[in-house]
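Colleague: Just dropping this structure here.
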Amino acid sequence: LIPQAFVQDLLARTDIVEVIGSRLELKRAGREFKALSPFTNEKSPSFYVSPARQFFHCFSSGRSGNAIGFLMEYDRLTFVEAVEELAGRLGLDVPREGGKFERLVLDGPLDALAAAQRFFSDQLRKHQPAIDYLKRRGVSGATAKAFGIGYAPDAWDALTRFFDDPAHALEAGLLRRNEQRNSIYDVFRHRIMFPIRDARGRVIAFGGRTLGNDPAKYLNSPETPLFHKGRNLYGLFEARQRRSGPGGPVSAGALQHLLVVEGYMDVVMLAQHGIPEAVATLGTATTRDHLNLLFKATDRVVFCFDGDRAGRAAAWRALEQALPEVDERRQCLFMFLPQGQDPDSLVQEIRAEAFTQRIAQAQNLSVFLLGELGAQVELGTLEGRARLAGLARPHLARMRDSPLRSLLLAELERLTRLRREELLEGSSALPGSATPPAATSRPPLDAGQVRAIKRALQLLLERPTLALNLPGIELLAQARMPGMGILVEAIEFFAEHPEAHGGQLHEHWRDTPKAAALERLGPLEPLLDEAAIEREFADTMSRLVRKALHQRTEWLQGEAQIRELSPAELAEWQAIRHQLSGRPLV
């Protein structure tokens, strides 16, 4: 592991303009630089680099990030490779953490997870039945080592006794507390253990396959601040290492494709047979977050499912998630397996070459989409063609405006004999802006309030020193406003690190929804000068504090109707009322 302190120091010494300018032709545009997007084919520049934020933003592709993120996107490097590239530019050696420990010292849940992985690996070597099970499944010792596979002993307290202090292991979801008995016990027992790693290779969770009669054949770590099933993929870190085989040399460069399968053993056995580009969802359907991870690593994603009805239903759910993400650059394909086979069993039966040929024959998204819709209608009738148009319309609305969408429309014009305008007539959403059904039931947000929070964060990233000596932060931290938590955390980060810039905050939040929120913020208008930025930030924060004061007043008023307020609460209520009225307290 690379120490986080080194990464932050590296970003502080790096000039993102120099890094990107060595690869793209940048031109000055006010306080920023612009260029043609390296990720899309465009004629007008929509790619901006901010020296103040140490951040890039590409409007045409939606990609944003710091210098490390740019190298990962543009040069298709892993996180470690990007850090090494930047360190090499500065003549620095990249330090590493890890190695054998004289005693177990835990500084957080990540350390607890890393220690647990070492514990499980050590237990595997000592437990012959677990070794025999892996041998029966065809897993070699080299493969088990490459994926860090281990074994959780058949005991309630094996891992519990391993930790002198269980606090971080509890936080990491490795242990659980029995409140009634006031005791702690192991979550994983008598299971083959598969470490789940993040983009940097850090263990963030585990999957366990039972060796007993447990009705839950597979068990994942519970969701924690580090781990979300819908945002992580098993084997993605290993796939991005581009190994020629377990334990083989690592080769850099973009992955030609990624194969999305369902199980841990599918990933492991495909890699053992020379197909290292497989990743697995973690017991959940494919999500938009999964697709974002996949398309960061490759432009070609192949979904692999069983050929039965359940498999095709799962493939259709994946297609629905993929529609807003695909275009002329991003490609999704669908591969269906013979009845009763999974990737693990099939690759052992037909070997790697034949399996690779099946991947090459996977259906394009458009073929699968039109095939599934066409199977529901009779194209030889007027009613069937009208029905096809109605079935296709909501799916077209979910797609971004792109050549792929235009070609799909052209094919539907041919099949239905309707004009493009008629195919899109009555669509309730603009192209690429369809709202998922779940979102319609949410209460409406205060759009002005959301805009104010985004604007404050945008201004703060441009001038991090604005975070110093800000009043009312405690009040804002208690406010019930979407996005306020991110703004408060950003203020606290810059107040604690006054010399930091936006790129370092992004690194601090890497692989979290908060980092994604930063990426969605565009650059400031070029005409704003330093004084204007400071005035607008002060005004925006004043409005947010005033809104928080109103919320606090409403809460106190509501509490007063059901109970007697304390003297401190009454004094606070009076102080807030005077502050909102602009009258000084006497």
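Chain labels follow the order of the structure tokens: the first chain is A, the next B, and so on; residue numbering restarts at 1 in every chain, and ligands are counted from 1 in their shown order.
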Got a sec to tell me which of segment 237-408 of chain A DSSP assigns to helix (DSSP H, G or I), as JSON, numbers by chain?

Modeller: {"A": [237, 238, 239, 240, 264, 265, 266, 267, 268, 269, 270, 271, 272, 288, 289, 290, 291, 292, 293, 294, 295, 296, 297, 309, 310, 311, 312, 313, 314, 315, 316, 317, 318, 319, 320, 321, 322, 343, 344, 345, 346, 347, 348, 349, 350, 351, 352, 353, 354, 355, 356, 357, 358, 359, 360, 365, 366, 367, 368, 369, 370, 371, 372, 373, 374, 382, 383, 384, 385, 386, 387, 388, 389, 390, 391, 392, 393, 394, 395, 396, 397, 398, 403, 404, 405, 406, 407, 408]}

Colleague: Do you have, as a tab-separated table, the list of residues of segment 487-552 of chain A lying at most 10 Å from segment 218-242 of chain A, each with its nearest atom pair and that distance in Å to one decimal, counting only C-alpha atoms and ordered by chain then number?

Modeller:
residue	atom	partner	partner_atom	distance
A:Asp511	CA	A:Leu226	CA	9.1
A:Thr512	CA	A:Leu226	CA	8.4
A:Pro513	CA	A:Arg231	CA	9.6

Colleague: Next, write the just-selected residues to a file, as an mmCIF file, in the first residue's frame, keeping all heavy atoms as the atom set.

Modeller:
data_model
loop_
_atom_site.group_PDB
_atom_site.id
_atom_site.type_symbol
_atom_site.label_atom_id
_atom_site.label_comp_id
_atom_site.auth_asym_id
_atom_site.auth_seq_id
_atom_site.Cartn_x
_atom_site.Cartn_y
_atom_site.Cartn_z
ATOM 1 N N ASP A 511 -12.975 7.150 -4.670
ATOM 2 C CA ASP A 511 -13.820 5.955 -4.656
ATOM 3 C C ASP A 511 -15.001 6.072 -3.692
ATOM 4 O O ASP A 511 -15.483 5.074 -3.160
ATOM 5 C CB ASP A 511 -13.004 4.699 -4.310
ATOM 6 C CG ASP A 511 -11.893 4.430 -5.313
ATOM 7 O OD1 ASP A 511 -12.091 4.733 -6.502
ATOM 8 O OD2 ASP A 511 -10.837 3.924 -4.906
ATOM 9 N N THR A 512 -15.468 7.301 -3.451
ATOM 10 C CA THR A 512 -16.655 7.512 -2.625
ATOM 11 C C THR A 512 -17.652 8.369 -3.399
ATOM 12 O O THR A 512 -17.281 9.055 -4.361
ATOM 13 C CB THR A 512 -16.311 8.241 -1.309
ATOM 14 O OG1 THR A 512 -15.947 9.603 -1.601
ATOM 15 C CG2 THR A 512 -15.172 7.547 -0.575
ATOM 16 N N PRO A 513 -18.934 8.357 -3.019
ATOM 17 C CA PRO A 513 -19.909 9.232 -3.682
ATOM 18 C C PRO A 513 -19.540 10.705 -3.576
ATOM 19 O O PRO A 513 -19.902 11.510 -4.439
ATOM 20 C CB PRO A 513 -21.216 8.927 -2.942
ATOM 21 C CG PRO A 513 -21.032 7.545 -2.407
ATOM 22 C CD PRO A 513 -19.568 7.443 -2.061
#

Colleague: Pick out the closest residue to Leu270 of chain A from this set: A:Ala285, A:Val187, A:Ala389, A:Val139. Count only C-alpha atoms.

Modeller: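 Smallest distance to Leu270 of chain A is found for A:Val139.
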
Colleague: If DSSP is run on the backbone, what residues of segment 112-248 of chain A are strand (DSSP E or B)? A reply as a VMD selection string would be ideal.

Modeller: chain A and resid 150 to 152 175 to 178 183 to 186 191 to 197 203 to 210 218 to 220 234 243

Colleague: Write a file of the just-selected residues containing N, CA and C atoms, as an mmCIF file, in the first residue's frame.

Modeller:
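Saved as part-v1.cif:
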data_model
loop_
_atom_site.group_PDB
_atom_site.id
_atom_site.type_symbol
_atom_site.label_atom_id
_atom_site.label_comp_id
_atom_site.auth_asym_id
_atom_site.auth_seq_id
_atom_site.Cartn_x
_atom_site.Cartn_y
_atom_site.Cartn_z
ATOM 1 N N GLY A 150 -8.514 -17.548 1.269
ATOM 2 C CA GLY A 150 -8.195 -18.051 2.592
ATOM 3 C C GLY A 150 -9.303 -18.921 3.146
ATOM 4 N N TYR A 151 -9.244 -19.151 4.455
ATOM 5 C CA TYR A 151 -10.232 -20.006 5.124
ATOM 6 C C TYR A 151 -10.553 -19.426 6.499
ATOM 7 N N ALA A 152 -11.853 -19.324 6.822
ATOM 8 C CA ALA A 152 -12.315 -18.894 8.138
ATOM 9 C C ALA A 152 -12.613 -20.131 8.970
ATOM 10 N N LEU A 175 -16.554 -8.750 12.590
ATOM 11 C CA LEU A 175 -17.093 -9.265 13.841
ATOM 12 C C LEU A 175 -18.463 -8.644 14.084
ATOM 13 N N ARG A 176 -19.234 -9.281 14.944
ATOM 14 C CA ARG A 176 -20.558 -8.758 15.273
ATOM 15 C C ARG A 176 -20.750 -8.848 16.785
ATOM 16 N N ARG A 177 -21.517 -7.920 17.316
ATOM 17 C CA ARG A 177 -21.749 -7.880 18.765
ATOM 18 C C ARG A 177 -23.129 -8.449 19.091
ATOM 19 N N ASN A 178 -23.167 -9.353 20.051
ATOM 20 C CA ASN A 178 -24.427 -9.869 20.591
ATOM 21 C C ASN A 178 -24.789 -9.025 21.800
ATOM 22 N N SER A 183 -21.413 -10.018 24.064
ATOM 23 C CA SER A 183 -20.254 -10.756 23.556
ATOM 24 C C SER A 183 -20.041 -10.418 22.087
ATOM 25 N N ILE A 184 -18.877 -10.787 21.581
ATOM 26 C CA ILE A 184 -18.522 -10.536 20.183
ATOM 27 C C ILE A 184 -18.218 -11.874 19.516
ATOM 28 N N TYR A 185 -18.644 -12.023 18.250
ATOM 29 C CA TYR A 185 -18.413 -13.290 17.551
ATOM 30 C C TYR A 185 -18.032 -13.042 16.096
ATOM 31 N N ASP A 186 -17.461 -14.061 15.460
ATOM 32 C CA ASP A 186 -17.019 -13.976 14.068
ATOM 33 C C ASP A 186 -18.217 -13.992 13.122
ATOM 34 N N ARG A 191 -15.685 -21.202 6.229
ATOM 35 C CA ARG A 191 -15.929 -20.765 4.859
ATOM 36 C C ARG A 191 -14.608 -20.520 4.121
ATOM 37 N N ILE A 192 -14.614 -20.797 2.814
ATOM 38 C CA ILE A 192 -13.542 -20.358 1.929
ATOM 39 C C ILE A 192 -13.708 -18.861 1.738
ATOM 40 N N MET A 193 -12.654 -18.093 1.945
ATOM 41 C CA MET A 193 -12.745 -16.636 1.973
ATOM 42 C C MET A 193 -12.116 -16.008 0.732
ATOM 43 N N PHE A 194 -12.876 -15.124 0.094
ATOM 44 C CA PHE A 194 -12.432 -14.398 -1.092
ATOM 45 C C PHE A 194 -12.320 -12.913 -0.746
ATOM 46 N N PRO A 195 -11.121 -12.329 -0.705
ATOM 47 C CA PRO A 195 -11.003 -10.892 -0.432
ATOM 48 C C PRO A 195 -11.553 -10.059 -1.588
ATOM 49 N N ILE A 196 -12.316 -9.028 -1.255
ATOM 50 C CA ILE A 196 -12.844 -8.087 -2.246
ATOM 51 C C ILE A 196 -12.016 -6.816 -2.129
ATOM 52 N N ARG A 197 -11.413 -6.385 -3.231
ATOM 53 C CA ARG A 197 -10.488 -5.246 -3.202
ATOM 54 C C ARG A 197 -11.085 -4.047 -3.926
ATOM 55 N N VAL A 203 -8.064 -4.413 0.605
ATOM 56 C CA VAL A 203 -9.179 -5.285 0.965
ATOM 57 C C VAL A 203 -10.230 -4.442 1.684
ATOM 58 N N ILE A 204 -11.452 -4.450 1.150
ATOM 59 C CA ILE A 204 -12.535 -3.654 1.750
ATOM 60 C C ILE A 204 -13.672 -4.532 2.254
ATOM 61 N N ALA A 205 -13.651 -5.824 1.904
ATOM 62 C CA ALA A 205 -14.719 -6.736 2.329
ATOM 63 C C ALA A 205 -14.297 -8.159 1.972
ATOM 64 N N PHE A 206 -15.159 -9.113 2.330
ATOM 65 C CA PHE A 206 -14.911 -10.512 1.993
ATOM 66 C C PHE A 206 -16.199 -11.157 1.497
ATOM 67 N N GLY A 207 -16.010 -12.191 0.692
ATOM 68 C CA GLY A 207 -17.084 -13.109 0.363
ATOM 69 C C GLY A 207 -16.668 -14.475 0.873
ATOM 70 N N GLY A 208 -17.616 -15.223 1.465
ATOM 71 C CA GLY A 208 -17.271 -16.531 2.020
ATOM 72 C C GLY A 208 -18.181 -17.615 1.482
ATOM 73 N N ARG A 209 -17.583 -18.741 1.028
ATOM 74 C CA ARG A 209 -18.333 -19.892 0.520
ATOM 75 C C ARG A 209 -18.318 -20.979 1.591
ATOM 76 N N THR A 210 -19.513 -21.387 2.053
ATOM 77 C CA THR A 210 -19.578 -22.328 3.157
ATOM 78 C C THR A 210 -19.018 -23.697 2.769
ATOM 79 N N TYR A 218 -23.263 -18.673 -0.046
ATOM 80 C CA TYR A 218 -22.299 -17.563 -0.101
ATOM 81 C C TYR A 218 -22.753 -16.460 0.832
ATOM 82 N N LEU A 219 -21.791 -15.858 1.509
ATOM 83 C CA LEU A 219 -22.072 -14.765 2.435
ATOM 84 C C LEU A 219 -21.085 -13.636 2.178
ATOM 85 N N ASN A 220 -21.607 -12.420 1.992
ATOM 86 C CA ASN A 220 -20.749 -11.241 1.811
ATOM 87 C C ASN A 220 -20.644 -10.462 3.110
ATOM 88 N N TYR A 234 -16.090 -7.804 -7.724
ATOM 89 C CA TYR A 234 -15.020 -8.738 -7.366
ATOM 90 C C TYR A 234 -14.135 -8.990 -8.583
ATOM 91 N N ARG A 243 -2.647 -9.521 -15.699
ATOM 92 C CA ARG A 243 -1.699 -10.615 -15.530
ATOM 93 C C ARG A 243 -1.780 -11.575 -16.720
#

Colleague: Which residues are near Pro523 of chain A? Cut-off 8 Å, only C-alpha atoms, ignore same chain within fewer than 4 positions. Put them as a VMD selection string.

Modeller: chain A and resid 48 50 57 458

Colleague: Between atom CA of Gly263 of chain A and atom CA of Gly212 of chain A, what is the spacing in Å?

Modeller: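 Separating atom CA of Gly212 of chain A from atom CA of Gly263 of chain A is a distance of 18.5 Å.
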
Colleague: Residues near Phe33 of chain A, anyone? I mean within 10 Å using only C-alpha atoms, not counting same-chain ones fewer than 6 positions away, as a VMD selection string.

Modeller: chain A and resid 17 21 25 to 27 47 to 51 56

Colleague: Excluding Asp15 of chain A and residues on its chain fewer than 6 positions from it, collect all residues at most 12 Å away from it, counting only C-alpha atoms, and give them as a list in words.

Modeller: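 Within the cut-off, the hits are Gly21, Ser22, Val49, Ser50, Pro51, Ala52, Arg53, Gln54, Phe55, Phe56, Asn66, Ala67, Ile68, Leu86, Arg89, Leu90, His501, Gly503 and Gln504 of chain A.
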
Colleague: Restricted to all heavy atoms, what would the selected residues look like written as a CSV table (one decimal), in the first residue's frame?

Modeller:
chain,number,residue,atom,x,y,z
A,21,GLY,N,-0.7,19.1,-20.1
A,21,GLY,CA,-0.1,19.8,-21.2
A,21,GLY,C,1.0,19.0,-21.9
A,21,GLY,O,1.3,19.3,-23.1
A,22,SER,N,1.6,18.0,-21.3
A,22,SER,CA,2.5,17.2,-21.9
A,22,SER,C,1.9,16.2,-22.8
A,22,SER,O,2.5,15.5,-23.6
A,22,SER,CB,3.4,16.4,-20.9
A,22,SER,OG,2.6,15.5,-20.2
A,49,VAL,N,-9.0,22.6,-17.7
A,49,VAL,CA,-8.1,22.3,-16.7
A,49,VAL,C,-8.0,23.6,-15.8
A,49,VAL,O,-7.7,24.7,-16.3
A,49,VAL,CB,-6.7,21.9,-17.2
A,49,VAL,CG1,-5.8,21.5,-16.1
A,49,VAL,CG2,-6.8,20.8,-18.2
A,50,SER,N,-8.2,23.4,-14.5
A,50,SER,CA,-8.1,24.5,-13.5
A,50,SER,C,-6.8,24.4,-12.7
A,50,SER,O,-6.6,23.5,-11.9
A,50,SER,CB,-9.3,24.4,-12.6
A,50,SER,OG,-9.2,25.3,-11.5
A,51,PRO,N,-5.9,25.4,-12.9
A,51,PRO,CA,-4.7,25.5,-12.1
A,51,PRO,C,-5.0,25.7,-10.6
A,51,PRO,O,-4.3,25.1,-9.7
A,51,PRO,CB,-3.9,26.7,-12.6
A,51,PRO,CG,-4.5,26.9,-14.0
A,51,PRO,CD,-6.0,26.5,-13.9
A,52,ALA,N,-6.1,26.5,-10.3
A,52,ALA,CA,-6.4,26.8,-8.9
A,52,ALA,C,-6.9,25.5,-8.2
A,52,ALA,O,-6.5,25.2,-7.1
A,52,ALA,CB,-7.5,27.9,-8.8
A,53,ARG,N,-7.8,24.8,-8.8
A,53,ARG,CA,-8.4,23.6,-8.2
A,53,ARG,C,-7.4,22.4,-8.4
A,53,ARG,O,-7.6,21.4,-7.7
A,53,ARG,CB,-9.7,23.2,-8.9
A,53,ARG,CG,-10.8,24.2,-8.7
A,53,ARG,CD,-12.1,23.5,-9.2
A,53,ARG,NE,-13.2,24.5,-9.3
A,53,ARG,CZ,-14.4,24.1,-9.7
A,53,ARG,NH1,-14.7,22.9,-9.9
A,53,ARG,NH2,-15.3,25.0,-9.7
A,54,GLN,N,-6.5,22.4,-9.4
A,54,GLN,CA,-5.7,21.3,-9.8
A,54,GLN,C,-6.6,20.1,-10.1
A,54,GLN,O,-6.5,19.0,-9.7
A,54,GLN,CB,-4.8,20.9,-8.6
A,54,GLN,CG,-3.6,21.8,-8.4
A,54,GLN,CD,-2.6,21.8,-9.6
A,54,GLN,OE1,-2.0,20.8,-10.0
A,54,GLN,NE2,-2.5,23.0,-10.3
A,55,PHE,N,-7.5,20.5,-11.1
A,55,PHE,CA,-8.6,19.6,-11.4
A,55,PHE,C,-8.9,19.7,-12.9
A,55,PHE,O,-8.7,20.8,-13.5
A,55,PHE,CB,-9.9,20.0,-10.7
A,55,PHE,CG,-10.8,18.9,-10.2
A,55,PHE,CD1,-10.4,18.0,-9.2
A,55,PHE,CD2,-12.0,18.7,-10.8
A,55,PHE,CE1,-11.2,17.0,-8.8
A,55,PHE,CE2,-12.8,17.7,-10.4
A,55,PHE,CZ,-12.4,16.8,-9.4
A,56,PHE,N,-9.3,18.6,-13.6
A,56,PHE,CA,-9.8,18.7,-15.0
A,56,PHE,C,-11.3,18.4,-15.0
A,56,PHE,O,-11.8,17.6,-14.2
A,56,PHE,CB,-9.0,17.8,-15.9
A,56,PHE,CG,-9.3,16.4,-15.8
A,56,PHE,CD1,-10.3,15.8,-16.7
A,56,PHE,CD2,-8.7,15.5,-14.9
A,56,PHE,CE1,-10.7,14.5,-16.6
A,56,PHE,CE2,-9.0,14.2,-14.9
A,56,PHE,CZ,-10.0,13.6,-15.7
A,66,ASN,N,-8.4,14.7,-10.6
A,66,ASN,CA,-7.1,15.3,-10.4
A,66,ASN,C,-6.1,14.7,-11.3
A,66,ASN,O,-6.4,14.0,-12.2
A,66,ASN,CB,-6.7,15.2,-8.9
A,66,ASN,CG,-6.7,13.7,-8.4
A,66,ASN,OD1,-6.5,12.8,-9.2
A,66,ASN,ND2,-6.8,13.5,-7.1
A,67,ALA,N,-4.8,15.0,-11.0
A,67,ALA,CA,-3.8,14.5,-12.0
A,67,ALA,C,-3.7,13.0,-12.0
A,67,ALA,O,-3.4,12.4,-13.0
A,67,ALA,CB,-2.4,15.1,-11.5
A,68,ILE,N,-3.9,12.4,-10.8
A,68,ILE,CA,-3.9,10.9,-10.8
A,68,ILE,C,-5.0,10.4,-11.6
A,68,ILE,O,-4.8,9.4,-12.4
A,68,ILE,CB,-4.0,10.4,-9.4
A,68,ILE,CG1,-2.7,10.8,-8.6
A,68,ILE,CG2,-4.1,8.9,-9.3
A,68,ILE,CD1,-2.8,10.5,-7.1
A,86,LEU,N,3.7,10.0,-11.7
A,86,LEU,CA,3.8,11.3,-11.1
A,86,LEU,C,5.1,11.4,-10.3
A,86,LEU,O,5.8,12.4,-10.3
A,86,LEU,CB,2.6,11.7,-10.3
A,86,LEU,CG,1.3,11.9,-11.1
A,86,LEU,CD1,0.2,12.3,-10.1
A,86,LEU,CD2,1.4,13.0,-12.2
A,89,ARG,N,8.2,11.8,-12.4
A,89,ARG,CA,8.4,13.1,-12.9
A,89,ARG,C,9.1,14.0,-12.0
A,89,ARG,O,9.8,14.9,-12.4
A,89,ARG,CB,7.0,13.7,-13.3
A,89,ARG,CG,6.3,13.1,-14.5
A,89,ARG,CD,4.9,13.6,-14.6
A,89,ARG,NE,4.9,15.1,-14.8
A,89,ARG,CZ,4.8,15.6,-16.0
A,89,ARG,NH1,4.8,14.9,-17.1
A,89,ARG,NH2,4.8,16.9,-16.1
A,90,LEU,N,8.9,13.8,-10.7
A,90,LEU,CA,9.5,14.6,-9.6
A,90,LEU,C,10.8,14.0,-9.0
A,90,LEU,O,11.4,14.5,-8.1
A,90,LEU,CB,8.5,14.8,-8.5
A,90,LEU,CG,7.2,15.6,-8.9
A,90,LEU,CD1,6.2,15.6,-7.7
A,90,LEU,CD2,7.5,17.0,-9.3
A,501,HIS,N,-5.4,21.9,-2.1
A,501,HIS,CA,-6.3,22.3,-3.2
A,501,HIS,C,-7.3,21.3,-3.5
A,501,HIS,O,-7.4,20.2,-2.9
A,501,HIS,CB,-5.4,22.6,-4.5
A,501,HIS,CG,-4.5,21.5,-4.9
A,501,HIS,ND1,-4.9,20.3,-5.3
A,501,HIS,CD2,-3.1,21.4,-4.9
A,501,HIS,CE1,-3.9,19.5,-5.6
A,501,HIS,NE2,-2.8,20.2,-5.4
A,503,GLY,N,-7.8,19.2,-5.9
A,503,GLY,CA,-7.3,17.9,-6.3
A,503,GLY,C,-7.0,17.0,-5.1
A,503,GLY,O,-7.2,15.8,-5.2
A,504,GLN,N,-6.5,17.6,-4.1
A,504,GLN,CA,-6.1,16.8,-2.9
A,504,GLN,C,-7.4,16.4,-2.1
A,504,GLN,O,-7.5,15.3,-1.6
A,504,GLN,CB,-5.2,17.6,-2.0
A,504,GLN,CG,-3.8,17.8,-2.5
A,504,GLN,CD,-3.0,18.8,-1.8
A,504,GLN,OE1,-3.1,20.0,-2.1
A,504,GLN,NE2,-2.2,18.4,-0.8
